[in-house]
Each structure stands twice: as C-alpha cells, then as structure tokens.
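Down below is the structure, laid out as structure tokens.
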Amino acid sequence: MSSETAAPTSVSTHILDTSVGRPAEGVALTLAVRSGGAGAWTAHGAGKTDADGRCKDLPALPEGTTHVRIEFQTEAYFVSNQHSDSNQQAEEQQDAPALRDSGAFFPEVAITFAVKPGEHYHVPLLLNPFGYSVYRGS
C-alpha cells in the first residue's frame, strides 16, 4: 500500500465584467457540494471576489463529492457604486435595454458541475448586466 495521499479535489473561480472589461470585485459567492446526483446540497464555503475578480480561499472538497454548485450574488455588484458609470453608459445607448428595476437582469448566477476526485476545477464567469458565460478553465 502506498503512503501517498491523493490530491484533494479543489475549485477556484474568477469573474470578468465584460461590460467594462475589468475584473468584478466584491461579488459574494457560496459553494455547495453533494454526493450523487440525487444527494442533498450541503453548504461548504463562501467568499468574495478580490480586486482581480478572483476568489482564492475556497476550501478543498470533501471526499465523495460528485457535484459542486457555485452561486454568485451578482445583483449587489451591479447596483453598487463601482458599476454605476458603465450602467449610465449602457442607458445612454439607444439600442441598449434599460437596466431592470432590480439593477440586474440576472440577480444571481448558479453554476452546477460534476467533479472527479483529485482534480482541480477552475470555473471563470464572464458577466455583464444582461448575460453571462461560464467555462472550465485551467
């Protein structure tokens, strides 16, 4: 039997606000895990994106985790003062839809993905007030 231990399964993320071409700072997020497709979700961590739009302090996943969900709280970001200049620019464009009453068309973004033991999963979010895209990064 080998004395080596398997590398922990881990998750990292970052957000780029494509409407201003900069990292999205201060977006709160939560991490939940489950074992098996029908298992119950368990809260496992939380954080906030830093000045580079990254959340670096998410905990390693528990053994047996098969699915992960990251919930990004985007509404507070879009209604904050740091985003008001780009909101005003969008409203001034004739072809741009006005922001919804909530300040964001997507007040939250939830990404669910499958994981395998011992791998690292980097999940970048490309975000703007009216859409988003996500992918598995490296």
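So you can find residues: chains in the structure tokens are A, B, ... in the order shown, residues in each start at 1, and ligands are numbered from 1 in order.
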Tell me, as a ChimeraX atom specification, which residues lie within 9 Å of segment 37-49 of chain A, counting only C-alpha atoms; anything in the same chain fewer than 2 positions away does not count. /A:13-15,23-35,51-59,61-62,66-69
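Distances from A:Pro124, A:Arg136, A:Ser19, A:Glu71 to Ile111 of chain A were compared using only C-alpha atoms, and the smallest one belongs to A:Glu71.
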Nearest residue to Ser10 of chain A from the set A:Val109, A:Ala60, A:Leu125, A:Val115 (distances using only C-alpha atoms): A:Ala60
